[in-house]
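J.: Here you go, this is structure.txt (compact mmCIF, N, CA and C atoms).
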```
# COMPACT_ATOMS: atom_id res chain seq x y z
N MET A 1 0.85 -1.19 0.00
CA MET A 1 0.00 0.00 0.00
C MET A 1 0.89 1.24 0.00
N ARG A 2 0.40 2.28 -0.69
CA ARG A 2 1.15 3.53 -0.81
C ARG A 2 0.28 4.69 -0.34
N THR A 3 0.90 5.70 0.25
CA THR A 3 0.17 6.87 0.72
C THR A 3 0.29 7.98 -0.31
N VAL A 4 -0.85 8.63 -0.59
CA VAL A 4 -0.89 9.78 -1.50
C VAL A 4 -1.73 10.87 -0.84
N THR A 5 -1.58 12.09 -1.34
CA THR A 5 -2.35 13.22 -0.85
C THR A 5 -3.31 13.66 -1.95
N VAL A 6 -4.58 13.81 -1.60
CA VAL A 6 -5.59 14.26 -2.55
C VAL A 6 -6.02 15.66 -2.12
N LEU A 7 -5.85 16.63 -3.02
CA LEU A 7 -6.27 18.00 -2.76
C LEU A 7 -7.71 18.15 -3.21
N ILE A 8 -8.56 18.65 -2.31
CA ILE A 8 -10.00 18.72 -2.53
C ILE A 8 -10.41 20.17 -2.82
N PRO A 9 -11.13 20.40 -3.95
CA PRO A 9 -11.58 21.77 -4.24
C PRO A 9 -12.68 22.21 -3.28
N THR A 10 -12.84 23.50 -3.15
CA THR A 10 -13.79 24.08 -2.20
C THR A 10 -15.19 23.50 -2.32
N LEU A 11 -15.68 23.34 -3.55
CA LEU A 11 -17.06 22.87 -3.74
C LEU A 11 -17.27 21.42 -3.28
N LEU A 12 -16.20 20.65 -3.18
CA LEU A 12 -16.34 19.25 -2.75
C LEU A 12 -16.00 19.04 -1.27
N ARG A 13 -15.50 20.05 -0.63
CA ARG A 13 -15.08 19.90 0.78
C ARG A 13 -16.20 19.51 1.73
N PRO A 14 -17.44 19.94 1.51
CA PRO A 14 -18.51 19.50 2.42
C PRO A 14 -18.67 17.97 2.47
N TYR A 15 -18.23 17.28 1.42
CA TYR A 15 -18.37 15.82 1.37
C TYR A 15 -17.23 15.09 2.08
N VAL A 16 -16.19 15.85 2.47
CA VAL A 16 -15.05 15.25 3.20
C VAL A 16 -14.82 16.01 4.50
N ASP A 17 -15.89 16.35 5.16
CA ASP A 17 -15.84 17.02 6.47
C ASP A 17 -15.09 18.34 6.43
N GLY A 18 -15.18 19.06 5.30
CA GLY A 18 -14.59 20.38 5.18
C GLY A 18 -13.09 20.41 4.96
N ARG A 19 -12.48 19.25 4.79
CA ARG A 19 -11.02 19.20 4.63
C ARG A 19 -10.57 19.64 3.24
N SER A 20 -9.42 20.29 3.17
CA SER A 20 -8.87 20.73 1.89
C SER A 20 -7.96 19.66 1.28
N GLU A 21 -7.55 18.71 2.09
CA GLU A 21 -6.76 17.59 1.57
C GLU A 21 -7.04 16.34 2.39
N VAL A 22 -6.87 15.22 1.72
CA VAL A 22 -7.12 13.92 2.33
C VAL A 22 -5.92 13.04 2.04
N SER A 23 -5.37 12.41 3.06
CA SER A 23 -4.31 11.41 2.85
C SER A 23 -4.98 10.06 2.69
N MET A 24 -4.54 9.34 1.68
CA MET A 24 -5.14 8.04 1.40
C MET A 24 -4.06 7.01 1.11
N THR A 25 -4.40 5.77 1.31
CA THR A 25 -3.53 4.70 0.86
C THR A 25 -4.16 4.09 -0.38
N VAL A 26 -3.32 3.77 -1.33
CA VAL A 26 -3.77 3.11 -2.55
C VAL A 26 -2.96 1.83 -2.70
N PRO A 27 -3.55 0.83 -3.32
CA PRO A 27 -2.81 -0.43 -3.48
C PRO A 27 -1.60 -0.24 -4.41
N ASP A 28 -0.60 -1.11 -4.25
CA ASP A 28 0.51 -1.11 -5.19
C ASP A 28 -0.08 -1.29 -6.59
N HIS A 29 0.50 -0.62 -7.55
CA HIS A 29 0.01 -0.62 -8.92
C HIS A 29 -1.38 0.03 -9.01
N GLY A 30 -1.73 0.86 -8.02
CA GLY A 30 -3.03 1.54 -8.01
C GLY A 30 -3.07 2.63 -9.07
N ASP A 31 -4.27 2.90 -9.55
CA ASP A 31 -4.45 3.94 -10.54
C ASP A 31 -5.48 4.94 -10.05
N VAL A 32 -5.79 5.93 -10.88
CA VAL A 32 -6.72 6.98 -10.50
C VAL A 32 -8.10 6.39 -10.21
N ALA A 33 -8.53 5.41 -10.98
CA ALA A 33 -9.84 4.78 -10.73
C ALA A 33 -9.89 4.17 -9.33
N ALA A 34 -8.84 3.46 -8.94
CA ALA A 34 -8.80 2.86 -7.60
C ALA A 34 -8.79 3.93 -6.51
N LEU A 35 -8.06 5.01 -6.78
CA LEU A 35 -8.03 6.12 -5.82
C LEU A 35 -9.43 6.71 -5.65
N LEU A 36 -10.13 6.94 -6.76
CA LEU A 36 -11.48 7.50 -6.69
C LEU A 36 -12.46 6.53 -6.03
N ASP A 37 -12.26 5.24 -6.25
CA ASP A 37 -13.09 4.23 -5.57
C ASP A 37 -12.93 4.37 -4.06
N GLY A 38 -11.68 4.50 -3.62
CA GLY A 38 -11.42 4.64 -2.19
C GLY A 38 -11.96 5.95 -1.63
N LEU A 39 -11.77 7.03 -2.38
CA LEU A 39 -12.25 8.33 -1.94
C LEU A 39 -13.77 8.37 -1.86
N GLY A 40 -14.43 7.72 -2.80
CA GLY A 40 -15.89 7.73 -2.86
C GLY A 40 -16.56 6.70 -1.97
N ALA A 41 -15.78 5.77 -1.41
CA ALA A 41 -16.35 4.73 -0.54
C ALA A 41 -17.02 5.38 0.66
N GLY A 42 -18.30 5.15 0.82
CA GLY A 42 -19.05 5.74 1.92
C GLY A 42 -19.42 7.19 1.68
N ARG A 43 -19.08 7.72 0.52
CA ARG A 43 -19.40 9.11 0.16
C ARG A 43 -20.02 9.14 -1.23
N PRO A 44 -21.19 8.57 -1.40
CA PRO A 44 -21.78 8.48 -2.74
C PRO A 44 -22.02 9.84 -3.40
N LEU A 45 -22.33 10.85 -2.63
CA LEU A 45 -22.56 12.17 -3.23
C LEU A 45 -21.26 12.75 -3.79
N LEU A 46 -20.16 12.52 -3.10
CA LEU A 46 -18.86 12.96 -3.60
C LEU A 46 -18.55 12.26 -4.92
N ASP A 47 -18.72 10.95 -4.93
CA ASP A 47 -18.44 10.18 -6.14
C ASP A 47 -19.30 10.66 -7.31
N GLN A 48 -20.58 10.98 -7.05
CA GLN A 48 -21.47 11.46 -8.11
C GLN A 48 -21.02 12.80 -8.66
N ARG A 49 -20.36 13.60 -7.87
CA ARG A 49 -19.87 14.92 -8.32
C ARG A 49 -18.63 14.80 -9.20
N ILE A 50 -17.91 13.67 -9.04
CA ILE A 50 -16.65 13.49 -9.77
C ILE A 50 -16.83 12.61 -11.00
N ARG A 51 -17.62 11.53 -10.87
CA ARG A 51 -17.76 10.58 -11.97
C ARG A 51 -19.22 10.41 -12.39
N GLU A 52 -19.37 10.08 -13.66
CA GLU A 52 -20.69 9.76 -14.19
C GLU A 52 -21.08 8.35 -13.76
N GLU A 53 -22.32 7.98 -14.04
CA GLU A 53 -22.81 6.65 -13.67
C GLU A 53 -21.99 5.55 -14.32
N THR A 54 -21.38 5.83 -15.46
CA THR A 54 -20.55 4.85 -16.18
C THR A 54 -19.18 4.69 -15.55
N GLY A 55 -18.83 5.56 -14.63
CA GLY A 55 -17.51 5.54 -14.01
C GLY A 55 -16.53 6.52 -14.63
N ALA A 56 -16.91 7.11 -15.76
CA ALA A 56 -16.04 8.09 -16.44
C ALA A 56 -16.04 9.40 -15.66
N LEU A 57 -14.95 10.15 -15.79
CA LEU A 57 -14.89 11.48 -15.18
C LEU A 57 -15.95 12.37 -15.79
N ARG A 58 -16.57 13.19 -14.96
CA ARG A 58 -17.49 14.19 -15.50
C ARG A 58 -16.67 15.17 -16.33
N ARG A 59 -17.27 15.72 -17.36
CA ARG A 59 -16.49 16.55 -18.29
C ARG A 59 -15.96 17.82 -17.66
N TYR A 60 -16.58 18.29 -16.58
CA TYR A 60 -16.11 19.52 -15.94
C TYR A 60 -15.16 19.25 -14.77
N VAL A 61 -14.76 18.00 -14.58
CA VAL A 61 -13.83 17.63 -13.51
C VAL A 61 -12.50 17.25 -14.15
N ASN A 62 -11.43 17.85 -13.66
CA ASN A 62 -10.09 17.52 -14.12
C ASN A 62 -9.29 16.98 -12.94
N ILE A 63 -8.49 15.97 -13.22
CA ILE A 63 -7.67 15.37 -12.18
C ILE A 63 -6.22 15.39 -12.65
N TYR A 64 -5.35 15.82 -11.74
CA TYR A 64 -3.92 15.91 -12.02
C TYR A 64 -3.16 15.05 -11.03
N VAL A 65 -2.22 14.26 -11.54
CA VAL A 65 -1.33 13.48 -10.69
C VAL A 65 0.05 14.11 -10.82
N ASP A 66 0.53 14.66 -9.72
CA ASP A 66 1.81 15.37 -9.71
C ASP A 66 1.89 16.40 -10.84
N GLY A 67 0.79 17.14 -11.04
CA GLY A 67 0.76 18.23 -12.01
C GLY A 67 0.44 17.83 -13.43
N GLU A 68 0.26 16.55 -13.70
CA GLU A 68 -0.04 16.08 -15.05
C GLU A 68 -1.51 15.72 -15.18
N ASP A 69 -2.17 16.29 -16.19
CA ASP A 69 -3.58 16.03 -16.45
C ASP A 69 -3.76 14.57 -16.87
N VAL A 70 -4.58 13.81 -16.13
CA VAL A 70 -4.74 12.39 -16.44
C VAL A 70 -5.39 12.17 -17.80
N ARG A 71 -6.16 13.15 -18.29
CA ARG A 71 -6.77 13.00 -19.62
C ARG A 71 -5.70 12.97 -20.71
N ARG A 72 -4.55 13.55 -20.45
CA ARG A 72 -3.45 13.55 -21.42
C ARG A 72 -2.51 12.37 -21.20
N LEU A 73 -2.78 11.61 -20.17
CA LEU A 73 -1.98 10.42 -19.88
C LEU A 73 -2.82 9.19 -20.21
N GLU A 74 -3.16 8.42 -19.22
CA GLU A 74 -3.93 7.20 -19.44
C GLU A 74 -5.32 7.26 -18.82
N GLY A 75 -5.82 8.47 -18.61
CA GLY A 75 -7.15 8.62 -18.03
C GLY A 75 -7.22 8.03 -16.65
N LEU A 76 -8.30 7.35 -16.36
CA LEU A 76 -8.48 6.76 -15.04
C LEU A 76 -7.51 5.61 -14.78
N ALA A 77 -6.85 5.11 -15.82
CA ALA A 77 -5.85 4.05 -15.66
C ALA A 77 -4.46 4.62 -15.36
N THR A 78 -4.34 5.93 -15.22
CA THR A 78 -3.06 6.56 -14.89
C THR A 78 -2.58 6.08 -13.53
N ALA A 79 -1.35 5.64 -13.47
CA ALA A 79 -0.76 5.15 -12.21
C ALA A 79 -0.62 6.29 -11.21
N VAL A 80 -0.80 5.95 -9.94
CA VAL A 80 -0.63 6.92 -8.85
C VAL A 80 0.54 6.41 -8.00
N PRO A 81 1.72 7.03 -8.17
CA PRO A 81 2.88 6.55 -7.42
C PRO A 81 2.83 6.94 -5.95
N ALA A 82 3.62 6.25 -5.15
CA ALA A 82 3.72 6.57 -3.73
C ALA A 82 4.15 8.01 -3.56
N GLY A 83 3.54 8.70 -2.61
CA GLY A 83 3.89 10.08 -2.32
C GLY A 83 3.32 11.10 -3.29
N ALA A 84 2.52 10.66 -4.24
CA ALA A 84 1.96 11.57 -5.25
C ALA A 84 0.98 12.55 -4.62
N THR A 85 0.84 13.68 -5.29
CA THR A 85 -0.21 14.64 -4.96
C THR A 85 -1.21 14.61 -6.10
N VAL A 86 -2.45 14.31 -5.75
CA VAL A 86 -3.53 14.24 -6.74
C VAL A 86 -4.44 15.43 -6.50
N MET A 87 -4.63 16.21 -7.53
CA MET A 87 -5.45 17.42 -7.44
C MET A 87 -6.75 17.19 -8.22
N ILE A 88 -7.87 17.46 -7.58
CA ILE A 88 -9.17 17.43 -8.25
C ILE A 88 -9.59 18.87 -8.47
N ILE A 89 -9.90 19.19 -9.71
CA ILE A 89 -10.30 20.55 -10.04
C ILE A 89 -11.62 20.50 -10.79
N GLN A 90 -12.57 21.30 -10.34
CA GLN A 90 -13.84 21.43 -11.04
C GLN A 90 -13.84 22.71 -11.83
N SER A 91 -14.22 22.60 -13.10
CA SER A 91 -14.36 23.79 -13.93
C SER A 91 -15.60 24.55 -13.48
N VAL A 92 -15.54 25.85 -13.51
CA VAL A 92 -16.67 26.68 -13.14
C VAL A 92 -17.08 27.47 -14.37
N ALA A 93 -18.34 27.39 -14.72
CA ALA A 93 -18.85 28.12 -15.88
C ALA A 93 -19.78 29.23 -15.41
N GLY A 94 -19.95 30.18 -16.24
CA GLY A 94 -20.86 31.27 -15.91
C GLY A 94 -20.49 32.50 -16.69
N GLY A 95 -21.27 33.51 -16.50
CA GLY A 95 -20.96 34.69 -17.27
C GLY A 95 -21.51 35.94 -16.67
```
Spit out the file's structure as structure tokens when you get a sec.

T.:
Amino acid sequence: MRTVTVLIPTLLRPYVDGRSEVSMTVPDHGDVAALLDGLGAGRPLLDQRIREETGALRRYVNIYVDGEDVRRLEGLATAVPAGATVMIIQSVAGG
């Protein structure tokens, strides 16, 4: 098991007791999908804000592993190394 830090955007903090970051353990060879499974366990509303019913990322949610956009890497199959910082960012629209 490996420990990683997940940075939580303001709009999602109510689902993680107001915390701005969460330390998590992920299995060896864990990927972003496994990390989101762990983060969403027991927090179905949080998971619904990040992923669609199919398990895909919502189009307005971006996830970065150590500063790299997972959509430009391997998507949800992107590896999450030990000590990584995973940032969840929600796009905000309006005018």

J.: Tell me which protein, DNA and RNA residues are within 8 Å of region 45-50 of chain A, counting only N, CA and C atoms, leaving out same-chain ones fewer than 3 positions away, and put them as a list in words.

T.: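 So the residues in contact are Leu12, Pro14, Tyr15, Val16, Leu36, Asp37, Leu39, Gly40, Ala41, Gly42, Glu53, Gly55, Ala56, Leu57, Arg58, Arg59, Tyr60, Val61 and Asn62 of chain A.
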
J.: What does the structure give for the distance between CA of Ala77 (chain A) and CA of Val32 (chain A), in Å to one decimal?

T.: 6.0 Å

J.: Can you tell me which residues surround His29 (chain A) at a distance of at most 6.5 Å, considering all atoms listed in the file, apart from same-chain residues fewer than 3 positions away, and format the answer as an NGL selection string?

T.: :A and (26 or 79-80)

J.: Rounded to one decimal place, report the atom C of Arg43 (chain A)-atom N of Asp17 (chain A) distance in Å.

T.: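 Result for atom C of Arg43 (chain A) versus atom N of Asp17 (chain A): 10.5 Å, one decimal.
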
J.: Using all atoms listed in the file for the distances, tell me which of A:Arg2, A:Arg51, A:Leu11, A:Gly83 is nearest to Pro27 (chain A).

T.: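 Smallest separation from Pro27 (chain A) among the options: A:Arg2.
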
J.: Which is closest to Thr78 (chain A) among A:Arg19, A:Tyr64, A:Thr3, A:Gly30, if we use only N, CA and C atoms?

T.: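 Looking only at the distances to Thr78 (chain A), the closest residue turns out to be A:Gly30.
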
J.: Can you list, as a ChimeraX atom specification, all residues belonging to chain A that DSSP tags as alpha helix (DSSP H)?

T.: /A:32-40,44-50

J.: For Val4 (chain A), which of A:Leu35, A:Met24, A:Ile63, A:Val70 is the closest residue, counting only C-alpha atoms?

T.: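 Looking at the shortest contact to Val4 (chain A), the residue is A:Met24.
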
J.: So how many Å separate CA of Asp31 (chain A) and atom C of Pro9 (chain A), to one decimal?

T.: 21.3 Å

J.: List as a list in words the residues having at least one atom at most 7 Å from position (-5.9, 15.6, 0.6) as given in the file, counting only N, CA and C atoms.

T.: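 Residues satisfying the cut-off, written out: Val4, Thr5, Val6, Leu7, Ile8, Arg19, Ser20, Glu21, Val22, Ser23 and Met24 of chain A.
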
J.: Create the file for the chosen residues now, containing N, CA and C atoms and written as a PDB file, in the frame of the given file.

T.:
```pdb
ATOM      1  N   VAL A   4      -0.850   8.630  -0.590  1.00  0.00           N
ATOM      2  CA  VAL A   4      -0.890   9.780  -1.500  1.00  0.00           C
ATOM      3  C   VAL A   4      -1.730  10.870  -0.840  1.00  0.00           C
ATOM      4  N   THR A   5      -1.580  12.090  -1.340  1.00  0.00           N
ATOM      5  CA  THR A   5      -2.350  13.220  -0.850  1.00  0.00           C
ATOM      6  C   THR A   5      -3.310  13.660  -1.950  1.00  0.00           C
ATOM      7  N   VAL A   6      -4.580  13.810  -1.600  1.00  0.00           N
ATOM      8  CA  VAL A   6      -5.590  14.260  -2.550  1.00  0.00           C
ATOM      9  C   VAL A   6      -6.020  15.660  -2.120  1.00  0.00           C
ATOM     10  N   LEU A   7      -5.850  16.630  -3.020  1.00  0.00           N
ATOM     11  CA  LEU A   7      -6.270  18.000  -2.760  1.00  0.00           C
ATOM     12  C   LEU A   7      -7.710  18.150  -3.210  1.00  0.00           C
ATOM     13  N   ILE A   8      -8.560  18.650  -2.310  1.00  0.00           N
ATOM     14  CA  ILE A   8     -10.000  18.720  -2.530  1.00  0.00           C
ATOM     15  C   ILE A   8     -10.410  20.170  -2.820  1.00  0.00           C
ATOM     16  N   ARG A  19     -12.480  19.250   4.790  1.00  0.00           N
ATOM     17  CA  ARG A  19     -11.020  19.200   4.630  1.00  0.00           C
ATOM     18  C   ARG A  19     -10.570  19.640   3.240  1.00  0.00           C
ATOM     19  N   SER A  20      -9.420  20.290   3.170  1.00  0.00           N
ATOM     20  CA  SER A  20      -8.870  20.730   1.890  1.00  0.00           C
ATOM     21  C   SER A  20      -7.960  19.660   1.280  1.00  0.00           C
ATOM     22  N   GLU A  21      -7.550  18.710   2.090  1.00  0.00           N
ATOM     23  CA  GLU A  21      -6.760  17.590   1.570  1.00  0.00           C
ATOM     24  C   GLU A  21      -7.040  16.340   2.390  1.00  0.00           C
ATOM     25  N   VAL A  22      -6.870  15.220   1.720  1.00  0.00           N
ATOM     26  CA  VAL A  22      -7.120  13.920   2.330  1.00  0.00           C
ATOM     27  C   VAL A  22      -5.920  13.040   2.040  1.00  0.00           C
ATOM     28  N   SER A  23      -5.370  12.410   3.060  1.00  0.00           N
ATOM     29  CA  SER A  23      -4.310  11.410   2.850  1.00  0.00           C
ATOM     30  C   SER A  23      -4.980  10.060   2.690  1.00  0.00           C
ATOM     31  N   MET A  24      -4.540   9.340   1.680  1.00  0.00           N
ATOM     32  CA  MET A  24      -5.140   8.040   1.400  1.00  0.00           C
ATOM     33  C   MET A  24      -4.060   7.010   1.110  1.00  0.00           C
TER      34      MET A  24
END
```

J.: Would you mind telling me which residue in A:Met87, A:Arg13, A:Pro81, A:Val92 lies nearest to Glu68 (chain A) when using all atoms listed in the file?

T.: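 Looking at the shortest contact to Glu68 (chain A), the residue is A:Met87.
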
J.: Return the padded bounding box of region 60-73 of chain A as JSON: axis-aligned, built from all atoms listed in the file, 8 Å added on each side, with centre and edge lengths in Å to one decimal.

T.:
```
{"center_x": -7.3, "center_y": 14.4, "center_z": -15.6, "size_x": 34.5, "size_y": 26.3, "size_z": 27.7}
```

J.: Counting only C-alpha atoms, which of A:Thr10, A:Thr85, A:Thr25, A:Gln90 gets nearest to Val65 (chain A)?

T.: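 The closest residue to Val65 (chain A) is A:Thr85.
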
J.: Let's see if you can do this: from backbone DSSP, list all strand (DSSP E) residues in region 24-80 of chain A, as a count of residues only.

T.: 10

J.: Please return region 55-66 of chain A, rebuilt to all heavy atoms, as a PDB file, keeping the file's coordinate frame.

T.:
```
ATOM      1  N   GLY A  55     -18.830   5.560 -14.630  1.00  0.00           N
ATOM      2  CA  GLY A  55     -17.510   5.540 -14.010  1.00  0.00           C
ATOM      3  C   GLY A  55     -16.530   6.520 -14.630  1.00  0.00           C
ATOM      4  O   GLY A  55     -15.455   6.751 -14.099  1.00  0.00           O
ATOM      5  N   ALA A  56     -16.910   7.110 -15.760  1.00  0.00           N
ATOM      6  CA  ALA A  56     -16.040   8.090 -16.440  1.00  0.00           C
ATOM      7  C   ALA A  56     -16.040   9.400 -15.660  1.00  0.00           C
ATOM      8  O   ALA A  56     -17.005   9.731 -14.966  1.00  0.00           O
ATOM      9  CB  ALA A  56     -16.544   8.331 -17.859  1.00  0.00           C
ATOM     10  N   LEU A  57     -14.950  10.150 -15.790  1.00  0.00           N
ATOM     11  CA  LEU A  57     -14.890  11.480 -15.180  1.00  0.00           C
ATOM     12  C   LEU A  57     -15.950  12.370 -15.790  1.00  0.00           C
ATOM     13  O   LEU A  57     -16.196  12.331 -17.003  1.00  0.00           O
ATOM     14  CB  LEU A  57     -13.532  12.134 -15.432  1.00  0.00           C
ATOM     15  CG  LEU A  57     -12.360  11.709 -14.598  1.00  0.00           C
ATOM     16  CD1 LEU A  57     -11.123  12.485 -15.023  1.00  0.00           C
ATOM     17  CD2 LEU A  57     -12.625  11.905 -13.135  1.00  0.00           C
ATOM     18  N   ARG A  58     -16.570  13.190 -14.960  1.00  0.00           N
ATOM     19  CA  ARG A  58     -17.490  14.190 -15.500  1.00  0.00           C
ATOM     20  C   ARG A  58     -16.670  15.170 -16.330  1.00  0.00           C
ATOM     21  O   ARG A  58     -15.502  15.424 -16.033  1.00  0.00           O
ATOM     22  CB  ARG A  58     -18.221  14.900 -14.373  1.00  0.00           C
ATOM     23  CG  ARG A  58     -19.180  13.968 -13.642  1.00  0.00           C
ATOM     24  CD  ARG A  58     -20.194  14.722 -12.826  1.00  0.00           C
ATOM     25  NE  ARG A  58     -21.138  13.804 -12.237  1.00  0.00           N
ATOM     26  CZ  ARG A  58     -22.224  13.319 -12.851  1.00  0.00           C
ATOM     27  NH1 ARG A  58     -22.510  13.693 -14.080  1.00  0.00           N
ATOM     28  NH2 ARG A  58     -23.028  12.482 -12.231  1.00  0.00           N
ATOM     29  N   ARG A  59     -17.270  15.720 -17.360  1.00  0.00           N
ATOM     30  CA  ARG A  59     -16.490  16.550 -18.290  1.00  0.00           C
ATOM     31  C   ARG A  59     -15.960  17.820 -17.660  1.00  0.00           C
ATOM     32  O   ARG A  59     -14.980  18.386 -18.119  1.00  0.00           O
ATOM     33  CB  ARG A  59     -17.288  16.859 -19.550  1.00  0.00           C
ATOM     34  CG  ARG A  59     -18.508  17.694 -19.343  1.00  0.00           C
ATOM     35  CD  ARG A  59     -19.266  17.845 -20.666  1.00  0.00           C
ATOM     36  NE  ARG A  59     -20.526  18.500 -20.441  1.00  0.00           N
ATOM     37  CZ  ARG A  59     -20.739  19.773 -20.679  1.00  0.00           C
ATOM     38  NH1 ARG A  59     -19.788  20.510 -21.191  1.00  0.00           N
ATOM     39  NH2 ARG A  59     -21.906  20.302 -20.417  1.00  0.00           N
ATOM     40  N   TYR A  60     -16.580  18.290 -16.580  1.00  0.00           N
ATOM     41  CA  TYR A  60     -16.110  19.520 -15.940  1.00  0.00           C
ATOM     42  C   TYR A  60     -15.160  19.250 -14.770  1.00  0.00           C
ATOM     43  O   TYR A  60     -14.789  20.163 -14.047  1.00  0.00           O
ATOM     44  CB  TYR A  60     -17.294  20.365 -15.462  1.00  0.00           C
ATOM     45  CG  TYR A  60     -18.221  19.647 -14.508  1.00  0.00           C
ATOM     46  CD1 TYR A  60     -17.938  19.590 -13.142  1.00  0.00           C
ATOM     47  CD2 TYR A  60     -19.369  19.014 -14.958  1.00  0.00           C
ATOM     48  CE1 TYR A  60     -18.762  18.924 -12.267  1.00  0.00           C
ATOM     49  CE2 TYR A  60     -20.214  18.348 -14.078  1.00  0.00           C
ATOM     50  CZ  TYR A  60     -19.898  18.309 -12.743  1.00  0.00           C
ATOM     51  OH  TYR A  60     -20.720  17.639 -11.883  1.00  0.00           O
ATOM     52  N   VAL A  61     -14.760  18.000 -14.580  1.00  0.00           N
ATOM     53  CA  VAL A  61     -13.830  17.630 -13.510  1.00  0.00           C
ATOM     54  C   VAL A  61     -12.500  17.250 -14.150  1.00  0.00           C
ATOM     55  O   VAL A  61     -12.449  16.440 -15.077  1.00  0.00           O
ATOM     56  CB  VAL A  61     -14.376  16.461 -12.668  1.00  0.00           C
ATOM     57  CG1 VAL A  61     -13.334  15.981 -11.666  1.00  0.00           C
ATOM     58  CG2 VAL A  61     -15.657  16.856 -11.958  1.00  0.00           C
ATOM     59  N   ASN A  62     -11.430  17.850 -13.660  1.00  0.00           N
ATOM     60  CA  ASN A  62     -10.090  17.520 -14.120  1.00  0.00           C
ATOM     61  C   ASN A  62      -9.290  16.980 -12.940  1.00  0.00           C
ATOM     62  O   ASN A  62      -9.424  17.470 -11.822  1.00  0.00           O
ATOM     63  CB  ASN A  62      -9.385  18.761 -14.677  1.00  0.00           C
ATOM     64  CG  ASN A  62     -10.109  19.302 -15.881  1.00  0.00           C
ATOM     65  OD1 ASN A  62     -10.328  18.601 -16.859  1.00  0.00           O
ATOM     66  ND2 ASN A  62     -10.510  20.554 -15.808  1.00  0.00           N
ATOM     67  N   ILE A  63      -8.490  15.970 -13.220  1.00  0.00           N
ATOM     68  CA  ILE A  63      -7.670  15.370 -12.180  1.00  0.00           C
ATOM     69  C   ILE A  63      -6.220  15.390 -12.650  1.00  0.00           C
ATOM     70  O   ILE A  63      -5.916  15.043 -13.794  1.00  0.00           O
ATOM     71  CB  ILE A  63      -8.120  13.938 -11.847  1.00  0.00           C
ATOM     72  CG1 ILE A  63      -9.540  13.988 -11.276  1.00  0.00           C
ATOM     73  CG2 ILE A  63      -7.153  13.268 -10.877  1.00  0.00           C
ATOM     74  CD1 ILE A  63     -10.100  12.680 -10.840  1.00  0.00           C
ATOM     75  N   TYR A  64      -5.350  15.820 -11.740  1.00  0.00           N
ATOM     76  CA  TYR A  64      -3.920  15.910 -12.020  1.00  0.00           C
ATOM     77  C   TYR A  64      -3.160  15.050 -11.030  1.00  0.00           C
ATOM     78  O   TYR A  64      -3.433  15.086  -9.833  1.00  0.00           O
ATOM     79  CB  TYR A  64      -3.441  17.359 -11.881  1.00  0.00           C
ATOM     80  CG  TYR A  64      -4.066  18.285 -12.893  1.00  0.00           C
ATOM     81  CD1 TYR A  64      -5.318  18.845 -12.671  1.00  0.00           C
ATOM     82  CD2 TYR A  64      -3.402  18.594 -14.069  1.00  0.00           C
ATOM     83  CE1 TYR A  64      -5.906  19.682 -13.597  1.00  0.00           C
ATOM     84  CE2 TYR A  64      -3.978  19.438 -15.010  1.00  0.00           C
ATOM     85  CZ  TYR A  64      -5.228  19.975 -14.771  1.00  0.00           C
ATOM     86  OH  TYR A  64      -5.805  20.800 -15.694  1.00  0.00           O
ATOM     87  N   VAL A  65      -2.220  14.260 -11.540  1.00  0.00           N
ATOM     88  CA  VAL A  65      -1.330  13.480 -10.690  1.00  0.00           C
ATOM     89  C   VAL A  65       0.050  14.110 -10.820  1.00  0.00           C
ATOM     90  O   VAL A  65       0.624  14.151 -11.917  1.00  0.00           O
ATOM     91  CB  VAL A  65      -1.291  12.000 -11.126  1.00  0.00           C
ATOM     92  CG1 VAL A  65      -0.258  11.233 -10.311  1.00  0.00           C
ATOM     93  CG2 VAL A  65      -2.668  11.358 -10.980  1.00  0.00           C
ATOM     94  N   ASP A  66       0.530  14.660  -9.720  1.00  0.00           N
ATOM     95  CA  ASP A  66       1.810  15.370  -9.710  1.00  0.00           C
ATOM     96  C   ASP A  66       1.890  16.400 -10.840  1.00  0.00           C
ATOM     97  O   ASP A  66       2.889  16.513 -11.549  1.00  0.00           O
ATOM     98  CB  ASP A  66       2.986  14.394  -9.774  1.00  0.00           C
ATOM     99  CG  ASP A  66       3.156  13.630  -8.464  1.00  0.00           C
ATOM    100  OD1 ASP A  66       2.753  14.157  -7.401  1.00  0.00           O
ATOM    101  OD2 ASP A  66       3.703  12.514  -8.493  1.00  0.00           O
TER     102      ASP A  66
END
```
